[in-house]
>>> print(open('start17.txt').read())   # compact mmCIF, C-alpha atoms
# COMPACT_ATOMS: atom_id res chain seq x y z
CA MET A 13 -20.49 81.03 29.14
CA LYS A 14 -20.84 78.85 26.04
CA ARG A 15 -17.97 77.08 24.32
CA PHE A 16 -17.96 74.89 21.24
CA THR A 17 -15.13 72.82 19.82
CA SER A 18 -14.80 71.68 16.24
CA ILE A 19 -12.17 69.42 14.66
CA ALA A 20 -11.88 71.10 11.26
CA GLY A 21 -9.50 73.42 9.48
CA SER A 22 -6.27 72.29 7.87
CA ILE A 23 -7.15 68.58 7.82
CA LEU A 24 -9.82 69.21 5.20
CA PHE A 25 -7.15 70.41 2.76
CA VAL A 26 -5.40 67.03 3.05
CA LEU A 27 -8.43 64.76 2.83
CA SER A 28 -11.22 64.83 0.23
CA ALA A 29 -13.78 64.61 3.05
CA CYS A 30 -13.90 64.56 6.82
CA GLU A 31 -16.54 64.66 9.55
CA GLY A 32 -16.79 65.36 13.23
CA GLU A 33 -18.83 66.90 16.04
CA CYS A 34 -19.02 70.09 18.07
CA TRP A 35 -20.20 70.41 21.66
CA GLN A 36 -21.15 73.12 24.07
CA TRP A 37 -18.83 73.08 27.09
CA GLU A 38 -19.30 74.39 30.62
CA ASN A 39 -16.75 74.12 33.43
CA GLY A 40 -14.52 71.83 31.39
CA HIS A 41 -17.22 69.29 30.49
CA PRO A 42 -19.45 68.79 27.42
CA VAL A 43 -23.11 69.69 27.96
CA LYS A 44 -25.73 67.01 27.28
CA ASP A 45 -27.85 67.32 24.10
CA THR A 46 -25.66 70.02 22.50
CA THR A 47 -23.93 67.90 19.85
CA GLN A 48 -23.57 69.48 16.42
CA GLY A 49 -22.49 67.03 13.74
CA TRP A 50 -20.79 68.13 10.53
CA THR A 51 -19.28 66.84 7.30
CA ILE A 52 -16.88 68.75 5.02
CA TRP A 53 -15.80 67.63 1.57
CA ARG A 54 -13.87 69.07 -1.34
CA THR A 55 -15.60 69.95 -4.64
CA LYS A 56 -14.31 71.22 -7.97
CA ASP A 57 -15.40 74.76 -6.95
CA GLY A 58 -14.18 74.71 -3.35
CA PHE A 59 -15.80 72.97 -0.38
CA GLU A 60 -19.20 71.99 0.94
CA VAL A 61 -20.25 71.78 4.59
CA GLU A 62 -23.30 70.05 6.02
CA SER A 63 -24.15 70.32 9.69
CA THR A 64 -26.94 68.97 11.91
CA LEU A 65 -27.85 71.28 14.79
CA PRO A 66 -28.90 70.43 18.36
CA ALA A 67 -32.43 71.18 19.52
CA ASP A 68 -32.88 74.71 20.79
CA GLN A 69 -34.45 74.41 24.25
CA GLY A 70 -35.87 77.93 24.04
CA ALA A 71 -37.54 77.10 20.73
CA LEU A 72 -39.01 73.90 22.19
CA TRP A 73 -40.46 75.93 25.05
CA LEU A 74 -41.93 78.35 22.51
CA ALA A 75 -43.38 75.41 20.56
CA ALA A 76 -45.17 74.22 23.71
CA ILE A 77 -46.69 77.68 24.03
CA GLY A 78 -47.83 77.63 20.40
CA ARG A 79 -49.59 74.29 20.95
CA GLY A 80 -51.40 75.68 23.98
CA GLY A 81 -49.41 73.60 26.43
CA LEU A 82 -48.37 76.62 28.50
CA PRO A 83 -50.18 79.83 29.45
CA ALA A 84 -49.00 82.83 27.41
CA SER A 85 -50.12 86.09 25.87
CA SER A 86 -51.67 86.22 22.40
CA GLU A 87 -48.54 88.00 21.10
CA LEU A 88 -46.29 85.18 22.31
CA ARG A 89 -48.57 82.55 20.78
CA GLU A 90 -48.46 84.39 17.48
CA GLU A 91 -44.66 84.47 17.64
CA ALA A 92 -44.61 80.71 18.23
CA ARG A 93 -46.83 80.11 15.20
CA ASN A 94 -44.48 82.16 12.99
CA THR A 95 -41.17 80.72 14.23
CA ALA A 96 -39.04 77.87 12.92
CA MET A 97 -36.20 76.10 14.75
CA PRO A 98 -33.09 75.51 12.60
CA THR A 99 -32.12 71.84 12.46
CA GLU A 100 -29.39 71.78 9.78
CA PHE A 101 -27.49 73.93 7.34
CA HIS A 102 -25.71 73.30 4.05
CA MET A 103 -22.93 75.72 3.08
CA GLN A 104 -20.95 75.98 -0.16
CA LEU A 105 -17.54 77.65 -0.07
CA ASP A 106 -15.60 78.93 -3.06
CA GLN A 107 -11.84 78.53 -3.57
CA SER A 108 -11.16 81.65 -1.44
CA MET A 109 -13.28 80.19 1.42
CA GLY A 110 -16.10 82.68 0.87
CA ILE A 111 -19.68 81.48 1.36
CA SER A 112 -21.27 81.21 -2.09
CA ALA A 113 -24.48 79.46 -1.01
CA LEU A 114 -26.21 78.76 2.31
CA ARG A 115 -29.38 76.78 2.97
CA VAL A 116 -30.90 76.53 6.45
CA ASN A 117 -33.54 73.86 7.09
CA GLY A 118 -35.69 73.67 10.18
CA LYS A 119 -38.96 72.68 11.81
CA SER A 120 -42.02 74.85 12.13
CA LEU A 121 -42.91 75.33 15.79
CA ALA A 122 -46.57 75.51 14.81
CA ASP A 123 -46.94 71.99 13.38
CA GLY A 124 -43.47 70.38 13.51
CA LYS A 125 -43.21 70.12 9.72
CA THR A 126 -39.84 70.40 7.96
CA VAL A 127 -39.37 73.79 6.28
CA VAL A 128 -36.67 75.66 4.38
CA VAL A 129 -35.89 78.54 6.71
CA ALA A 130 -33.68 80.30 4.17
CA ASN A 131 -32.00 79.53 0.87
CA CYS A 132 -29.28 82.05 -0.06
CA VAL A 133 -26.94 82.63 -2.99
CA ALA A 134 -23.99 85.01 -2.69
CA LYS A 135 -22.55 86.58 -5.83
CA PRO A 136 -20.11 89.51 -6.20
CA ALA A 137 -22.92 91.88 -7.16
CA GLU A 138 -25.71 90.62 -4.91
CA ILE A 139 -26.68 88.37 -2.01
CA SER A 140 -30.23 87.05 -2.30
CA CYS A 141 -32.24 84.82 0.05
CA LYS A 142 -35.64 83.20 -0.12
CA GLY A 143 -37.36 82.26 3.11
CA ARG A 144 -40.62 80.72 4.27
CA SER A 145 -42.38 84.04 3.80
CA GLY A 146 -40.86 86.47 1.33
CA ALA A 147 -37.34 87.15 0.13
CA ALA A 148 -34.51 89.58 0.75
CA HIS A 149 -31.52 90.80 -1.21
CA VAL A 150 -28.59 93.16 -0.83
CA LYS A 151 -26.66 94.61 -3.78
CA ASN A 152 -23.08 95.83 -4.18
CA VAL A 153 -21.62 93.24 -1.79
CA VAL A 154 -18.14 92.78 -3.28
CA GLN A 155 -16.42 93.56 0.05
CA ARG A 156 -19.00 91.89 2.31
CA GLN A 157 -19.44 88.27 3.39
CA LEU A 158 -22.62 86.36 4.15
CA LEU A 159 -23.02 85.07 7.71
CA ASP A 160 -25.94 83.35 9.42
CA SER A 161 -26.93 84.77 12.80
CA TYR A 162 -27.05 81.23 14.25
CA ALA A 163 -24.09 80.77 16.60
CA SER A 164 -21.89 78.00 15.20
CA PRO A 165 -18.08 77.69 14.97
CA LEU A 166 -18.35 76.27 11.45
CA LEU A 167 -19.88 79.51 10.18
CA TYR A 168 -16.85 81.48 11.38
CA MET A 169 -14.31 79.15 9.78
CA PRO A 170 -14.40 80.81 6.32
CA LEU A 171 -13.87 84.21 7.94
CA LEU A 172 -10.74 83.01 9.74
CA LYS A 173 -9.33 81.26 6.70
CA ARG A 174 -9.72 84.36 4.54
CA ALA A 175 -8.47 86.92 7.08
CA LYS A 176 -4.90 85.57 7.60
CA LEU A 177 -3.99 88.20 10.20
CA GLU A 178 -0.59 88.73 11.77
CA PRO A 179 -0.42 88.85 15.61
CA GLY A 180 -1.55 92.27 16.80
CA GLN A 181 -3.24 93.12 13.49
CA THR A 182 -6.82 94.43 13.43
CA VAL A 183 -8.98 94.68 10.30
CA PRO A 184 -12.50 96.03 9.75
CA ILE A 185 -15.12 93.42 8.86
CA LYS A 186 -18.22 93.94 6.75
CA LEU A 187 -20.85 91.21 6.80
CA VAL A 188 -24.38 90.60 5.58
CA MET A 189 -26.21 88.90 8.46
CA LEU A 190 -29.00 86.43 7.67
CA GLU A 191 -31.87 86.54 10.18
CA GLU A 192 -35.49 85.47 10.37
CA VAL A 193 -37.73 87.89 12.26
CA LYS A 194 -41.39 86.94 12.82
CA GLY A 195 -41.24 84.42 10.01
CA LYS A 196 -39.70 86.81 7.48
CA THR A 197 -36.21 86.51 6.04
CA GLN A 198 -33.99 89.56 6.54
CA LEU A 199 -30.50 90.50 5.42
CA SER A 200 -28.81 93.16 7.52
CA ASP A 201 -25.57 95.06 6.94
CA THR A 202 -23.28 94.35 9.89
CA SER A 203 -19.90 95.89 10.64
CA GLY A 204 -17.22 94.99 13.12
CA GLN A 205 -13.56 94.27 13.71
CA LEU A 206 -11.43 91.14 13.73
CA ARG A 207 -8.19 91.20 15.71
CA ASN A 208 -5.43 88.62 16.07
CA GLU A 209 -4.54 88.70 19.78
CA GLY A 210 -1.48 86.52 19.24
CA PRO A 211 -0.37 83.13 20.61
CA ASP A 212 -2.48 81.72 23.42
CA LYS A 213 -3.17 78.52 25.36
CA LEU A 214 -6.69 77.20 25.83
CA SER A 215 -7.53 74.53 28.43
CA ILE A 216 -10.63 72.37 27.98
CA GLY A 217 -11.02 69.61 30.51
CA ASP A 218 -7.73 67.71 30.68
CA HIS A 219 -6.51 69.07 27.33
CA THR A 220 -4.46 72.18 26.57
CA PHE A 221 -4.27 73.60 23.04
CA GLU A 222 -1.74 76.09 21.76
CA GLY A 223 -2.71 78.38 18.91
CA GLU A 224 -3.81 81.89 18.01
CA ARG A 225 -6.62 83.77 19.73
CA LEU A 226 -8.76 86.16 17.70
CA SER A 227 -11.41 88.62 18.83
CA LEU A 228 -14.44 89.37 16.67
CA SER A 229 -16.62 92.36 17.55
CA LEU A 230 -19.92 92.80 15.69
CA GLU A 231 -22.58 95.50 15.82
CA THR A 232 -25.88 93.76 15.05
CA LYS A 233 -29.54 94.78 15.22
CA ALA A 234 -29.91 92.58 18.29
CA GLY A 235 -27.04 94.41 19.98
CA PRO A 236 -23.24 94.13 20.11
CA ARG A 237 -21.67 90.66 20.01
CA GLN A 238 -18.19 89.88 21.31
CA ILE A 239 -16.82 86.55 20.09
CA THR A 240 -13.49 84.91 20.83
CA LEU A 241 -12.08 82.42 18.33
CA TRP A 242 -9.09 80.12 18.59
CA ALA A 243 -7.26 78.40 15.74
CA SER A 244 -4.94 75.56 16.74
CA THR A 245 -3.42 73.26 14.09
CA GLY A 246 -6.66 72.69 12.23
CA ILE A 247 -8.93 72.79 15.31
CA TYR A 248 -11.26 75.74 15.78
CA PHE A 249 -12.78 76.92 19.04
CA TRP A 250 -15.54 79.45 19.57
CA ASP A 251 -16.55 81.29 22.73
CA GLU A 252 -19.33 83.81 23.22
CA GLY A 253 -20.57 85.09 26.56
CA PHE A 254 -24.22 84.99 25.54
CA ALA A 255 -26.49 83.58 22.86
CA PRO A 256 -28.42 86.49 21.32
CA ASP A 257 -32.05 86.15 20.22
CA THR A 258 -31.67 85.42 16.49
CA GLY A 259 -35.39 85.46 15.83
CA PHE A 260 -35.51 81.83 14.66
>>> encode(input="start17.txt", output="structure tokens")
Amino acid sequence: MKRFTSIAGSILFVLSACEGECWQWENGHPVKDTTQGWTIWRTKDGFEVESTLPADQGALWLAAIGRGGLPASSELREEARNTAMPTEFHMQLDQSMGISALRVNGKSLADGKTVVVANCVAKPAEISCKGRSGAAHVKNVVQRQLLDSYASPLLYMPLLKRAKLEPGQTVPIKLVMLEEVKGKTQLSDTSGQLRNEGPDKLSIGDHTFEGERLSLSLETKAGPRQITLWASTGIYFWDEGFAPDTGF
């Protein structure tokens, strides 16, 4: 079980800028080397979010394979040479909390150099992304939102702010999921449902938070994802039972 916490939400509407950290939690305690730092500030068009990501241990293992440090098949070595590990993202939000631009930076597992994994712009008529190798775009996206496949509570925050569901209410969700598969940028139509499960209490360590619990169900190319989200007086919590292979 993986759990992240993020101090965000309503406080950013009071201050011009704020910053904080997220952690992965297990059994009521933060897990070492899982810190995700973030900064949010207000702009004339909405908000901007910058976040530094923790090292992906699976990607580091794959990097060792690519460098010949571990025995592996030729297919796995090729995958390592074509893979990048995300290290940070920069997100621009419009006044309605929709993602208008998203840039993901990372490190190539082949040589450790800094690369732009994906650079995306979301407009009412089209979402377009340029990656390390090639580009992707999806048209007629007025009712769909851009979402990165990387699991981060900050990426779900715009979705929660825009939904504004009443307890017991369920709404269909249409997303465009950003993924990188074998070094190529892909945008995939993704559907699902978001439901407000009502008031709930969440205990983390010695702390108990009261707020609303929401369930997000997504049907992705990698398989179904079931995500639980909590919103408690400007603090957002995220819980997913597994971390799917995003291809990064």
>>> atom_distance(input="start17.txt", atom1="atom CA of Asp212 of chain A", atom2="atom CA of Arg225 of chain A")
5.9 Å
>>> closest_residue(input="start17.txt", among="A:His41, A:Glu33, A:Gln69, A:Leu241", to="Asp218 of chain A", atoms="all atoms listed in the file")
A:His41
>>> axis_aligned_box(input="start17.txt", around="segment 64-67 of chain A", padding_each_side="3 Å", output="lines of an AutoDock Vina configuration file")
center_x = -29.7
center_y = 70.1
center_z = 15.7
size_x = 11.5
size_y = 8.3
size_z = 13.6
>>> closest_residue(input="start17.txt", among="A:Ser86, A:Ser112, A:Ser145, A:Ser63", to="Glu100 of chain A", atoms="all atoms listed in the file")
A:Ser63
>>> closest_residue(input="start17.txt", among="A:Leu230, A:Ala175, A:Cys132, A:Ala122", to="Glu191 of chain A", atoms="all atoms listed in the file")
A:Cys132
>>> closest_residue(input="start17.txt", among="A:Leu65, A:Arg144, A:Glu60, A:Trp73", to="Gln36 of chain A", atoms="all atoms listed in the file")
A:Leu65
>>> closest_residue(input="start17.txt", among="A:Leu190, A:Ser85, A:Pro170, A:Ala234", to="Cys141 of chain A", atoms="all atoms listed in the file")
A:Leu190
>>> closest_residue(input="start17.txt", among="A:Ser120, A:Ser161, A:Gln205, A:Thr51", to="Val188 of chain A", atoms="only C-alpha atoms")
A:Ser161
>>> residues_around(input="start17.txt", residues="Ile185 of chain A", least_positions_apart="5", cutoff="8 Å", atoms="only C-alpha atoms", output="PyMOL selection string")
chain A and resi 156+203-206
>>> write_last_selection(input="start17.txt", atoms="C-alpha atoms", output="PDB file, keeping the file's coordinate frame")
ATOM      1  CA  ARG A 156     -19.000  91.890   2.310  1.00  0.00           C
ATOM      2  CA  SER A 203     -19.900  95.890  10.640  1.00  0.00           C
ATOM      3  CA  GLY A 204     -17.220  94.990  13.120  1.00  0.00           C
ATOM      4  CA  GLN A 205     -13.560  94.270  13.710  1.00  0.00           C
ATOM      5  CA  LEU A 206     -11.430  91.140  13.730  1.00  0.00           C
TER       6      LEU A 206
END
>>> residues_around(input="start17.txt", residues="Phe101 of chain A", least_positions_apart="3", cutoff="7 Å", atoms="all atoms listed in the file", output="ChimeraX atom specification")
/A:62-64,115-117
>>> atom_distance(input="start17.txt", atom1="atom CA of Trp242 of chain A", atom2="atom CA of Gly223 of chain A")
6.6 Å
>>> residues_around(input="start17.txt", residues="Gly118 of chain A", least_positions_apart="6", cutoff="8 Å", atoms="all atoms listed in the file", output="JSON, numbers by chain")
{"A": [96, 97, 98, 99, 100, 126, 127, 128, 129]}
>>> atom_distance(input="start17.txt", atom1="atom CA of Thr46 of chain A", atom2="atom CA of Leu74 of chain A")
18.3 Å
>>> residues_around(input="start17.txt", residues="Val61 of chain A", least_positions_apart="3", cutoff="8 Å", atoms="all atoms listed in the file", output="JSON, numbers by chain")
{"A": [50, 51, 52, 53, 102, 103, 104, 105]}
>>> residues_around(input="start17.txt", residues="Leu214 of chain A", least_positions_apart="3", cutoff="10 Å", atoms="only C-alpha atoms", output="CSV table (one decimal) with C-alpha atoms, in the frame of the given file")
chain,number,residue,atom,x,y,z
A,217,GLY,CA,-11.0,69.6,30.5
A,219,HIS,CA,-6.5,69.1,27.3
A,220,THR,CA,-4.5,72.2,26.6
A,221,PHE,CA,-4.3,73.6,23.0
A,222,GLU,CA,-1.7,76.1,21.8
A,223,GLY,CA,-2.7,78.4,18.9
A,224,GLU,CA,-3.8,81.9,18.0
A,225,ARG,CA,-6.6,83.8,19.7
A,242,TRP,CA,-9.1,80.1,18.6
A,244,SER,CA,-4.9,75.6,16.7
A,249,PHE,CA,-12.8,76.9,19.0
>>> build_atoms(input="start17.txt", residues="segment 195-217 of chain A", atoms="N, CA and C atoms", output="PDB file, in the coordinates of the input")
ATOM      1  N   GLY A 195     -40.948  85.234  11.176  1.00  0.00           N
ATOM      2  CA  GLY A 195     -41.240  84.420  10.010  1.00  0.00           C
ATOM      3  C   GLY A 195     -40.771  85.004   8.695  1.00  0.00           C
ATOM      4  N   LYS A 196     -40.153  86.180   8.713  1.00  0.00           N
ATOM      5  CA  LYS A 196     -39.700  86.810   7.480  1.00  0.00           C
ATOM      6  C   LYS A 196     -38.176  86.847   7.416  1.00  0.00           C
ATOM      7  N   THR A 197     -37.656  86.521   6.247  1.00  0.00           N
ATOM      8  CA  THR A 197     -36.210  86.510   6.040  1.00  0.00           C
ATOM      9  C   THR A 197     -35.697  87.937   5.905  1.00  0.00           C
ATOM     10  N   GLN A 198     -34.604  88.239   6.605  1.00  0.00           N
ATOM     11  CA  GLN A 198     -33.990  89.560   6.540  1.00  0.00           C
ATOM     12  C   GLN A 198     -32.490  89.437   6.332  1.00  0.00           C
ATOM     13  N   LEU A 199     -31.932  90.367   5.580  1.00  0.00           N
ATOM     14  CA  LEU A 199     -30.500  90.500   5.420  1.00  0.00           C
ATOM     15  C   LEU A 199     -30.095  91.875   5.924  1.00  0.00           C
ATOM     16  N   SER A 200     -29.181  91.911   6.880  1.00  0.00           N
ATOM     17  CA  SER A 200     -28.810  93.160   7.520  1.00  0.00           C
ATOM     18  C   SER A 200     -27.318  93.422   7.355  1.00  0.00           C
ATOM     19  N   ASP A 201     -26.972  94.655   6.980  1.00  0.00           N
ATOM     20  CA  ASP A 201     -25.570  95.060   6.940  1.00  0.00           C
ATOM     21  C   ASP A 201     -25.020  95.086   8.359  1.00  0.00           C
ATOM     22  N   THR A 202     -23.900  94.444   8.570  1.00  0.00           N
ATOM     23  CA  THR A 202     -23.280  94.350   9.890  1.00  0.00           C
ATOM     24  C   THR A 202     -21.801  94.679   9.772  1.00  0.00           C
ATOM     25  N   SER A 203     -21.315  95.530  10.647  1.00  0.00           N
ATOM     26  CA  SER A 203     -19.900  95.890  10.640  1.00  0.00           C
ATOM     27  C   SER A 203     -19.250  95.457  11.934  1.00  0.00           C
ATOM     28  N   GLY A 204     -17.931  95.378  11.914  1.00  0.00           N
ATOM     29  CA  GLY A 204     -17.220  94.990  13.120  1.00  0.00           C
ATOM     30  C   GLY A 204     -15.723  94.995  12.888  1.00  0.00           C
ATOM     31  N   GLN A 205     -15.016  94.363  13.794  1.00  0.00           N
ATOM     32  CA  GLN A 205     -13.560  94.270  13.710  1.00  0.00           C
ATOM     33  C   GLN A 205     -13.105  92.874  14.080  1.00  0.00           C
ATOM     34  N   LEU A 206     -12.063  92.412  13.413  1.00  0.00           N
ATOM     35  CA  LEU A 206     -11.430  91.140  13.730  1.00  0.00           C
ATOM     36  C   LEU A 206      -9.972  91.427  14.086  1.00  0.00           C
ATOM     37  N   ARG A 207      -9.552  90.938  15.247  1.00  0.00           N
ATOM     38  CA  ARG A 207      -8.190  91.200  15.710  1.00  0.00           C
ATOM     39  C   ARG A 207      -7.500  89.900  16.099  1.00  0.00           C
ATOM     40  N   ASN A 208      -6.252  89.750  15.668  1.00  0.00           N
ATOM     41  CA  ASN A 208      -5.430  88.620  16.070  1.00  0.00           C
ATOM     42  C   ASN A 208      -4.726  89.005  17.367  1.00  0.00           C
ATOM     43  N   GLU A 209      -5.101  88.364  18.471  1.00  0.00           N
ATOM     44  CA  GLU A 209      -4.540  88.700  19.780  1.00  0.00           C
ATOM     45  C   GLU A 209      -3.191  88.037  20.023  1.00  0.00           C
ATOM     46  N   GLY A 210      -2.782  87.155  19.111  1.00  0.00           N
ATOM     47  CA  GLY A 210      -1.480  86.520  19.240  1.00  0.00           C
ATOM     48  C   GLY A 210      -1.558  85.118  19.808  1.00  0.00           C
ATOM     49  N   PRO A 211      -0.414  84.492  20.071  1.00  0.00           N
ATOM     50  CA  PRO A 211      -0.370  83.130  20.610  1.00  0.00           C
ATOM     51  C   PRO A 211      -1.087  83.037  21.959  1.00  0.00           C
ATOM     52  N   ASP A 212      -1.732  81.891  22.171  1.00  0.00           N
ATOM     53  CA  ASP A 212      -2.480  81.720  23.420  1.00  0.00           C
ATOM     54  C   ASP A 212      -2.622  80.218  23.696  1.00  0.00           C
ATOM     55  N   LYS A 213      -2.888  79.894  24.950  1.00  0.00           N
ATOM     56  CA  LYS A 213      -3.170  78.520  25.360  1.00  0.00           C
ATOM     57  C   LYS A 213      -4.611  78.447  25.859  1.00  0.00           C
ATOM     58  N   LEU A 214      -5.299  77.403  25.445  1.00  0.00           N
ATOM     59  CA  LEU A 214      -6.690  77.200  25.830  1.00  0.00           C
ATOM     60  C   LEU A 214      -6.813  75.825  26.480  1.00  0.00           C
ATOM     61  N   SER A 215      -7.344  75.786  27.705  1.00  0.00           N
ATOM     62  CA  SER A 215      -7.530  74.530  28.430  1.00  0.00           C
ATOM     63  C   SER A 215      -8.998  74.144  28.421  1.00  0.00           C
ATOM     64  N   ILE A 216      -9.278  72.918  27.969  1.00  0.00           N
ATOM     65  CA  ILE A 216     -10.630  72.370  27.980  1.00  0.00           C
ATOM     66  C   ILE A 216     -10.554  70.995  28.615  1.00  0.00           C
ATOM     67  N   GLY A 217     -11.132  70.872  29.782  1.00  0.00           N
ATOM     68  CA  GLY A 217     -11.020  69.610  30.510  1.00  0.00           C
ATOM     69  C   GLY A 217      -9.569  69.305  30.826  1.00  0.00           C
TER      70      GLY A 217
END
